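Asks: The structure file data-v3.cif (mmCIF, C-alpha atoms and all ligand atoms) is provided below.
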data_model
#
loop_
_atom_site.label_atom_id
_atom_site.label_comp_id
_atom_site.auth_asym_id
_atom_site.auth_seq_id
_atom_site.Cartn_x
_atom_site.Cartn_y
_atom_site.Cartn_z
CA MET A 1 -147.27 -4.42 -132.37
CA GLU A 2 -146.93 -6.68 -135.37
CA VAL A 3 -149.72 -9.26 -135.64
CA GLN A 4 -148.27 -12.74 -135.93
CA GLU A 5 -149.48 -15.22 -138.54
CA THR A 6 -150.97 -18.26 -136.81
CA ALA A 7 -152.49 -21.54 -137.84
CA TYR A 8 -155.34 -21.01 -135.41
CA ASN A 9 -159.01 -21.12 -136.32
CA PRO A 10 -161.12 -18.01 -135.91
CA MET A 11 -162.38 -17.84 -132.32
CA PRO A 12 -165.90 -19.23 -131.87
CA ARG A 13 -168.34 -16.52 -130.91
CA ILE A 14 -171.55 -16.21 -128.93
CA GLY A 15 -174.42 -17.37 -131.17
CA ASP A 16 -172.26 -19.76 -133.23
CA GLN A 17 -173.01 -23.46 -133.39
CA ALA A 18 -170.47 -25.24 -131.18
CA PRO A 19 -167.81 -26.72 -133.49
CA ASP A 20 -168.06 -30.50 -133.60
CA PHE A 21 -165.13 -32.79 -132.83
CA THR A 22 -164.23 -36.29 -131.77
CA ALA A 23 -161.91 -36.78 -128.80
CA MET A 24 -160.67 -39.23 -126.21
CA THR A 25 -161.75 -38.48 -122.65
CA THR A 26 -161.42 -40.01 -119.19
CA LYS A 27 -164.82 -41.58 -119.84
CA GLY A 28 -163.96 -42.95 -123.29
CA PRO A 29 -164.24 -41.54 -126.81
CA ILE A 30 -166.86 -38.90 -127.60
CA LYS A 31 -168.32 -37.16 -130.61
CA PHE A 32 -169.27 -33.77 -129.26
CA SER A 33 -172.43 -33.34 -131.37
CA GLU A 34 -173.75 -36.55 -129.77
CA PHE A 35 -172.61 -35.74 -126.23
CA ALA A 36 -175.31 -34.82 -123.69
CA ARG A 37 -178.20 -34.66 -126.16
CA ASP A 38 -181.03 -32.33 -125.04
CA LYS A 39 -178.88 -30.92 -122.26
CA TRP A 40 -176.82 -27.82 -121.64
CA VAL A 41 -173.07 -28.41 -121.70
CA LEU A 42 -170.26 -26.55 -119.96
CA LEU A 43 -167.07 -27.20 -121.92
CA PHE A 44 -164.15 -25.85 -119.92
CA SER A 45 -160.41 -25.98 -120.30
CA HIS A 46 -157.58 -25.81 -117.80
CA PRO A 47 -153.88 -25.26 -118.52
CA ALA A 48 -152.39 -28.45 -117.14
CA ASP A 49 -152.93 -31.45 -114.88
CA PHE A 50 -151.09 -31.55 -111.53
CA THR A 51 -151.04 -27.75 -111.20
CA PRO A 52 -152.39 -25.88 -108.18
CA VAL A 53 -154.95 -23.41 -109.54
CA CYS A 54 -156.32 -26.07 -111.91
CA THR A 55 -156.72 -28.48 -109.01
CA THR A 56 -158.84 -25.95 -107.11
CA GLU A 57 -160.97 -25.20 -110.16
CA MET A 58 -161.57 -28.81 -111.17
CA SER A 59 -162.42 -29.58 -107.55
CA GLY A 60 -164.90 -26.69 -107.68
CA PHE A 61 -166.64 -28.19 -110.72
CA ALA A 62 -166.62 -31.64 -109.11
CA THR A 63 -168.02 -30.60 -105.73
CA ARG A 64 -170.85 -28.62 -107.36
CA LYS A 65 -171.68 -31.18 -110.04
CA ALA A 66 -175.09 -31.89 -108.46
CA GLU A 67 -176.05 -28.21 -108.90
CA PHE A 68 -175.16 -28.42 -112.59
CA GLU A 69 -177.19 -31.62 -112.91
CA GLU A 70 -180.20 -29.84 -111.39
CA LEU A 71 -179.80 -27.32 -114.21
CA ASN A 72 -179.84 -30.10 -116.84
CA THR A 73 -176.18 -29.41 -117.53
CA GLU A 74 -173.32 -31.80 -118.24
CA LEU A 75 -169.71 -30.92 -117.48
CA ILE A 76 -166.78 -31.72 -119.76
CA GLY A 77 -163.22 -30.57 -119.10
CA LEU A 78 -160.18 -30.35 -121.35
CA SER A 79 -156.46 -29.88 -121.19
CA ILE A 80 -153.50 -30.53 -123.43
CA ASP A 81 -152.50 -33.63 -121.50
CA SER A 82 -152.78 -37.38 -122.09
CA VAL A 83 -155.51 -39.62 -120.71
CA HIS A 84 -152.83 -41.25 -118.54
CA ALA A 85 -151.94 -37.88 -116.99
CA HIS A 86 -155.64 -37.12 -116.46
CA LEU A 87 -156.19 -40.48 -114.74
CA GLY A 88 -153.14 -40.02 -112.52
CA TRP A 89 -154.26 -36.54 -111.49
CA VAL A 90 -157.88 -37.57 -110.88
CA ASN A 91 -156.70 -40.43 -108.67
CA ASN A 92 -154.13 -38.26 -106.88
CA VAL A 93 -156.68 -35.55 -106.05
CA ARG A 94 -159.15 -38.17 -104.85
CA GLU A 95 -156.50 -39.75 -102.59
CA LYS A 96 -155.38 -36.40 -101.17
CA THR A 97 -158.72 -34.59 -100.83
CA GLY A 98 -161.55 -37.07 -101.39
CA VAL A 99 -162.80 -35.04 -104.38
CA TYR A 100 -163.46 -37.13 -107.50
CA PHE A 101 -163.58 -35.53 -110.97
CA ASP A 102 -166.58 -37.56 -112.09
CA PHE A 103 -167.04 -35.98 -115.51
CA PRO A 104 -165.20 -36.54 -118.79
CA ILE A 105 -161.91 -34.70 -119.27
CA ILE A 106 -160.74 -34.45 -122.88
CA ALA A 107 -157.13 -35.50 -123.54
CA ASP A 108 -156.36 -32.88 -126.19
CA ILE A 109 -152.78 -33.90 -126.69
CA ASP A 110 -152.72 -32.74 -130.35
CA MET A 111 -154.40 -29.42 -129.35
CA LYS A 112 -157.10 -30.00 -131.95
CA VAL A 113 -160.04 -29.02 -129.75
CA ALA A 114 -158.17 -26.23 -127.97
CA LYS A 115 -157.41 -24.58 -131.32
CA LEU A 116 -160.96 -25.15 -132.59
CA TYR A 117 -162.37 -23.32 -129.55
CA GLY A 118 -159.79 -20.55 -129.26
CA MET A 119 -158.57 -22.00 -125.96
CA LEU A 120 -154.97 -21.86 -127.12
CA GLN A 121 -154.03 -18.20 -127.03
CA PRO A 122 -150.37 -18.14 -128.08
CA ASN A 123 -149.44 -14.81 -126.53
CA GLU A 124 -150.53 -16.29 -123.16
CA SER A 125 -149.11 -19.78 -123.79
CA GLU A 126 -148.15 -21.78 -126.87
CA THR A 127 -148.64 -25.10 -125.13
CA ALA A 128 -151.30 -24.73 -122.45
CA ALA A 129 -154.98 -23.89 -122.89
CA VAL A 130 -156.24 -20.77 -121.14
CA ARG A 131 -159.09 -21.15 -118.63
CA ALA A 132 -162.11 -21.07 -120.94
CA VAL A 133 -165.75 -21.89 -120.24
CA PHE A 134 -168.19 -22.38 -123.10
CA PHE A 135 -171.88 -22.40 -122.15
CA ILE A 136 -173.59 -24.45 -124.85
CA ASP A 137 -177.38 -24.85 -125.00
CA PRO A 138 -179.30 -28.02 -125.92
CA SER A 139 -179.33 -27.01 -129.61
CA LYS A 140 -175.51 -26.89 -129.37
CA LYS A 141 -175.40 -23.12 -129.77
CA ILE A 142 -172.70 -21.21 -127.87
CA ARG A 143 -174.47 -18.85 -125.49
CA LEU A 144 -171.71 -17.43 -123.29
CA ILE A 145 -167.92 -17.60 -123.30
CA MET A 146 -165.51 -16.88 -120.47
CA TYR A 147 -161.76 -16.69 -120.94
CA TYR A 148 -159.45 -16.38 -117.96
CA PRO A 149 -155.65 -16.27 -118.04
CA LEU A 150 -153.36 -18.93 -116.61
CA ASN A 151 -152.83 -17.19 -113.28
CA VAL A 152 -156.42 -16.38 -112.23
CA GLY A 153 -158.91 -19.03 -111.20
CA ARG A 154 -162.55 -18.77 -112.21
CA ASN A 155 -165.49 -18.15 -109.86
CA MET A 156 -167.87 -21.10 -109.54
CA ASP A 157 -170.67 -18.95 -108.10
CA GLU A 158 -170.49 -16.72 -111.17
CA ILE A 159 -170.45 -19.69 -113.54
CA LEU A 160 -173.61 -21.05 -111.90
CA ARG A 161 -175.23 -17.60 -111.76
CA ALA A 162 -174.59 -17.02 -115.46
CA LEU A 163 -175.99 -20.45 -116.37
CA LYS A 164 -179.13 -19.80 -114.30
CA ALA A 165 -179.50 -16.36 -115.89
CA LEU A 166 -179.30 -17.80 -119.41
CA GLN A 167 -181.87 -20.46 -118.63
CA TYR A 168 -184.18 -18.02 -116.86
CA SER A 169 -183.92 -15.59 -119.76
CA ASP A 170 -184.84 -18.32 -122.25
CA LYS A 171 -187.79 -19.45 -120.15
CA HIS A 172 -189.30 -16.04 -119.42
CA GLY A 173 -188.10 -13.82 -122.31
CA VAL A 174 -186.52 -11.33 -119.92
CA ALA A 175 -183.04 -9.91 -119.33
CA MET A 176 -180.97 -9.76 -116.19
CA PRO A 177 -179.64 -6.57 -114.64
CA LEU A 178 -176.26 -6.02 -113.04
CA ASN A 179 -175.49 -8.59 -110.33
CA TRP A 180 -178.79 -10.42 -110.84
CA GLN A 181 -179.36 -13.39 -108.59
CA PRO A 182 -182.24 -15.90 -108.79
CA GLY A 183 -185.27 -14.33 -107.09
CA ASP A 184 -184.25 -10.77 -107.97
CA LYS A 185 -186.34 -8.57 -110.25
CA VAL A 186 -185.70 -8.99 -113.98
CA ILE A 187 -185.76 -6.51 -116.85
CA ILE A 188 -188.72 -6.75 -119.20
CA PRO A 189 -188.10 -6.17 -122.91
CA PRO A 190 -188.19 -2.45 -123.79
CA PRO A 191 -190.91 -1.13 -126.09
CA LYS A 192 -190.22 -1.20 -129.83
CA THR A 193 -192.85 1.28 -131.02
CA LEU A 194 -194.32 4.57 -129.84
CA ASP A 195 -197.60 2.78 -129.01
CA GLU A 196 -195.72 0.28 -126.86
CA MET A 197 -193.82 3.14 -125.24
CA GLU A 198 -197.07 4.92 -124.35
CA GLN A 199 -198.46 1.69 -122.89
CA ARG A 200 -195.32 1.13 -120.88
CA LEU A 201 -195.50 4.66 -119.50
CA GLN A 202 -198.99 3.80 -118.13
CA ASP A 203 -197.96 0.36 -116.85
CA THR A 204 -198.15 0.27 -113.07
CA SER A 205 -197.27 -3.40 -112.75
CA CYS A 206 -193.53 -2.86 -113.13
CA GLU A 207 -190.85 -0.82 -111.37
CA ARG A 208 -190.16 1.86 -113.98
CA VAL A 209 -187.02 3.97 -114.04
CA GLU A 210 -187.79 5.02 -117.60
CA PHE A 211 -189.90 3.53 -120.39
CA TYR A 212 -186.86 1.53 -121.56
CA LEU A 213 -185.78 0.36 -118.10
CA CYS A 214 -188.53 -1.48 -116.25
CA LYS A 215 -188.03 -4.24 -113.72
CA LYS A 216 -190.50 -6.85 -112.64
CA GLU A 217 -190.68 -9.58 -110.04
CA LEU A 218 -191.55 -12.96 -111.53
CA SER A 219 -193.08 -15.53 -109.20
C1 LIG B 1 -152.05 -23.57 -112.12
O1 LIG B 1 -153.08 -24.20 -112.35
O2 LIG B 1 -151.68 -23.35 -110.97
C2 LIG B 1 -151.28 -22.99 -113.24
C3 LIG B 1 -151.20 -23.67 -114.44
C4 LIG B 1 -150.47 -23.14 -115.49
C5 LIG B 1 -149.83 -21.93 -115.32
C6 LIG B 1 -149.94 -21.24 -114.13
C7 LIG B 1 -150.67 -21.77 -113.09
#
What is this structure when it is put down as structure tokens?
Replies:
Amino acid sequence: MEVQETAYNPMPRIGDQAPDFTAMTTKGPIKFSEFARDKWVLLFSHPADFTPVCTTEMSGFATRKAEFEELNTELIGLSIDSVHAHLGWVNNVREKTGVYFDFPIIADIDMKVAKLYGMLQPNESETAAVRAVFFIDPSKKIRLIMYYPLNVGRNMDEILRALKALQYSDKHGVAMPLNWQPGDKVIIPPPKTLDEMEQRLQDTSCERVEFYLCKKELS
């Protein structure tokens, strides 16, 4: 299929510095590089206010906000809607369900931020952001990116699990196996030399499948 010319920025990638921007939000104007200093940030987009899947997702972020706070993580949402629409939706959801979206939501009416972060994927929609989640560490480096289409809601347990895994990996210098959950064994870095390989083959302190796949319980 012919590739269409677009005026979109290259997609940000894992390991990139999070692109900086200024924006209006439901909590006032922000400059992203100054937002949530020394904290992790989850920057997430939704396609549109007053839509059903988005309402469930934003409610999911809101009801689990305390868990994100425990992980030193600030939430910030985005859609291509005005602040007035955001305020109306926030109030409507609170009136109907009691859930309050108590985190800033960017009013990206000119699509500036959505384009900067590859949230506007024109073959999915020209006017609505896809469901993206950017996991950004305290040095403002992008560490994990999720993109979901318009018709599939994200999984809040997986978002929290992935955030915990990133933080645990940073703290302990280990990697996480398939389906890792906090408390599970972790993967210790594989040997890089023959000497290290020989040592690992004698190591009885880890669960060894092979010298390059060893799991360990961390207390
Ligand atoms: C929704 O949130 O329900 C939705 C939004 C845009 C397109 C499709 C579904």
Asks: Quick one, how far is atom CA of A:Ile188 from atom CA of A:Leu213?
Replies: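 Computing the Euclidean distance for atom CA of A:Ile188 and atom CA of A:Leu213 yields 7.8 Å.
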Asks: Check which residues fall inside 12 Å of ligand LIG 1 (chain B) when counting all atoms listed in the file, and print them as a PDB file with C-alpha atoms, in the frame of the given file.
Replies:
ATOM      1  CA  SER A  45    -160.410 -25.980-120.300  1.00  0.00           C
ATOM      2  CA  HIS A  46    -157.580 -25.810-117.800  1.00  0.00           C
ATOM      3  CA  PRO A  47    -153.880 -25.260-118.520  1.00  0.00           C
ATOM      4  CA  ALA A  48    -152.390 -28.450-117.140  1.00  0.00           C
ATOM      5  CA  ASP A  49    -152.930 -31.450-114.880  1.00  0.00           C
ATOM      6  CA  PHE A  50    -151.090 -31.550-111.530  1.00  0.00           C
ATOM      7  CA  THR A  51    -151.040 -27.750-111.200  1.00  0.00           C
ATOM      8  CA  PRO A  52    -152.390 -25.880-108.180  1.00  0.00           C
ATOM      9  CA  VAL A  53    -154.950 -23.410-109.540  1.00  0.00           C
ATOM     10  CA  CYS A  54    -156.320 -26.070-111.910  1.00  0.00           C
ATOM     11  CA  THR A  55    -156.720 -28.480-109.010  1.00  0.00           C
ATOM     12  CA  THR A  56    -158.840 -25.950-107.110  1.00  0.00           C
ATOM     13  CA  GLU A  57    -160.970 -25.200-110.160  1.00  0.00           C
ATOM     14  CA  MET A  58    -161.570 -28.810-111.170  1.00  0.00           C
ATOM     15  CA  SER A  59    -162.420 -29.580-107.550  1.00  0.00           C
ATOM     16  CA  SER A  79    -156.460 -29.880-121.190  1.00  0.00           C
ATOM     17  CA  ILE A  80    -153.500 -30.530-123.430  1.00  0.00           C
ATOM     18  CA  GLU A 124    -150.530 -16.290-123.160  1.00  0.00           C
ATOM     19  CA  SER A 125    -149.110 -19.780-123.790  1.00  0.00           C
ATOM     20  CA  GLU A 126    -148.150 -21.780-126.870  1.00  0.00           C
ATOM     21  CA  THR A 127    -148.640 -25.100-125.130  1.00  0.00           C
ATOM     22  CA  ALA A 128    -151.300 -24.730-122.450  1.00  0.00           C
ATOM     23  CA  ALA A 129    -154.980 -23.890-122.890  1.00  0.00           C
ATOM     24  CA  VAL A 130    -156.240 -20.770-121.140  1.00  0.00           C
ATOM     25  CA  ARG A 131    -159.090 -21.150-118.630  1.00  0.00           C
ATOM     26  CA  TYR A 148    -159.450 -16.380-117.960  1.00  0.00           C
ATOM     27  CA  PRO A 149    -155.650 -16.270-118.040  1.00  0.00           C
ATOM     28  CA  LEU A 150    -153.360 -18.930-116.610  1.00  0.00           C
ATOM     29  CA  ASN A 151    -152.830 -17.190-113.280  1.00  0.00           C
ATOM     30  CA  VAL A 152    -156.420 -16.380-112.230  1.00  0.00           C
ATOM     31  CA  GLY A 153    -158.910 -19.030-111.200  1.00  0.00           C
ATOM     32  CA  ARG A 154    -162.550 -18.770-112.210  1.00  0.00           C
TER      33      ARG A 154
END
Asks: Record the distance separating atom CA of A:Gly60 and atom CA of A:Phe101, expressed in Å with one decimal.
Replies: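 One can read the atom CA of A:Gly60 to atom CA of A:Phe101 distance as 9.5 Å.
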Asks: For A:Leu163, which of A:Thr73, A:Met11, A:Ser33, A:Glu198 is the closest residue, counting all atoms listed in the file?
Replies: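 Once distances to A:Leu163 are computed over all atoms listed in the file, the minimum belongs to A:Thr73.
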Asks: Give the answer as one residue: which of A:Thr97, A:Asn179, A:Thr204, A:Thr22 has the shortest atom-to-atom distance to A:Glu34, using all atoms listed in the file?
Replies: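 The answer is A:Thr22, which sits nearest to A:Glu34.
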Asks: For a quick check of understanding, using all atoms listed in the file, which of A:Leu218, A:Leu87, A:Leu71, A:Val209 has the smallest distance to A:Asp184?
Replies: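 When distances to A:Asp184 are compared using all atoms listed in the file, the smallest one comes from A:Leu218.
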Asks: List as a ChimeraX atom specification the protein and nucleic acid residues near A:Pro19, meaning an atom at most 8 Å away when all atoms listed in the file are counted, but skip any in the same chain fewer than 6 places from it.
Replies: /A:12,116-117
Asks: For atom CA of A:Thr26 and atom CA of A:Val83, quote the distance in Å rounded to one decimal.
Replies: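 Value for the atom CA of A:Thr26-atom CA of A:Val83 distance: 6.1 Å.
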Asks: Using only C-alpha atoms, pick whichever of A:Ile106, A:Val113, A:Ser169, A:Phe135 has the shortest atom-to-atom distance to A:Asp16.
Replies: A:Phe135
Asks: I want to know what sits within 9 Å of A:Thr25, based on all atoms listed in the file, with residues of the same chain fewer than 5 positions away left out; could you give that as a PyMOL selection string?
Replies: chain A and resi 30+76-78+83+86+104-108
Asks: How would you write as number ranges by chain the residues that get within 6 Å of (-166.2, -32.5, -130.5) in the file's frame, counting all atoms listed in the file?
Replies: A: 20-22, 31-32
Asks: Using all atoms listed in the file, pick whichever of A:Gln199, A:Asn9, A:Thr63, A:Asn92 has the shortest atom-to-atom distance to A:Met156.
Replies: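 With all atoms listed in the file as the atom set, the closest residue is A:Thr63.
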Asks: Considering all atoms listed in the file, return as a PyMOL selection string whatever protein or nucleic-acid residues lie within 6 Å of A:Phe134, sequence-local ones (same chain, fewer than 4 positions apart) excluded.
Replies: chain A and resi 42-43+145
Asks: Need to verify the contact set: A:Lys216, 9 Å, only C-alpha atoms, exclusion of same-chain residues closer than 6 positions in sequence. Can you return it as a PyMOL selection string?
Replies: chain A and resi 184-188+205-208
Asks: Could you write out the selected residues, including C-alpha atoms, as a PDB file, in the coordinates of the input?
Replies:
ATOM      1  CA  ASP A 184    -184.250 -10.770-107.970  1.00  0.00           C
ATOM      2  CA  LYS A 185    -186.340  -8.570-110.250  1.00  0.00           C
ATOM      3  CA  VAL A 186    -185.700  -8.990-113.980  1.00  0.00           C
ATOM      4  CA  ILE A 187    -185.760  -6.510-116.850  1.00  0.00           C
ATOM      5  CA  ILE A 188    -188.720  -6.750-119.200  1.00  0.00           C
ATOM      6  CA  SER A 205    -197.270  -3.400-112.750  1.00  0.00           C
ATOM      7  CA  CYS A 206    -193.530  -2.860-113.130  1.00  0.00           C
ATOM      8  CA  GLU A 207    -190.850  -0.820-111.370  1.00  0.00           C
ATOM      9  CA  ARG A 208    -190.160   1.860-113.980  1.00  0.00           C
TER      10      ARG A 208
END
Asks: Just checking: using all atoms listed in the file, which residue out of A:Ala23, A:Gly183, A:Ser219, A:Tyr147 ends up closest to A:Arg161?
Replies: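 For A:Arg161, the nearest of the given residues is A:Gly183.
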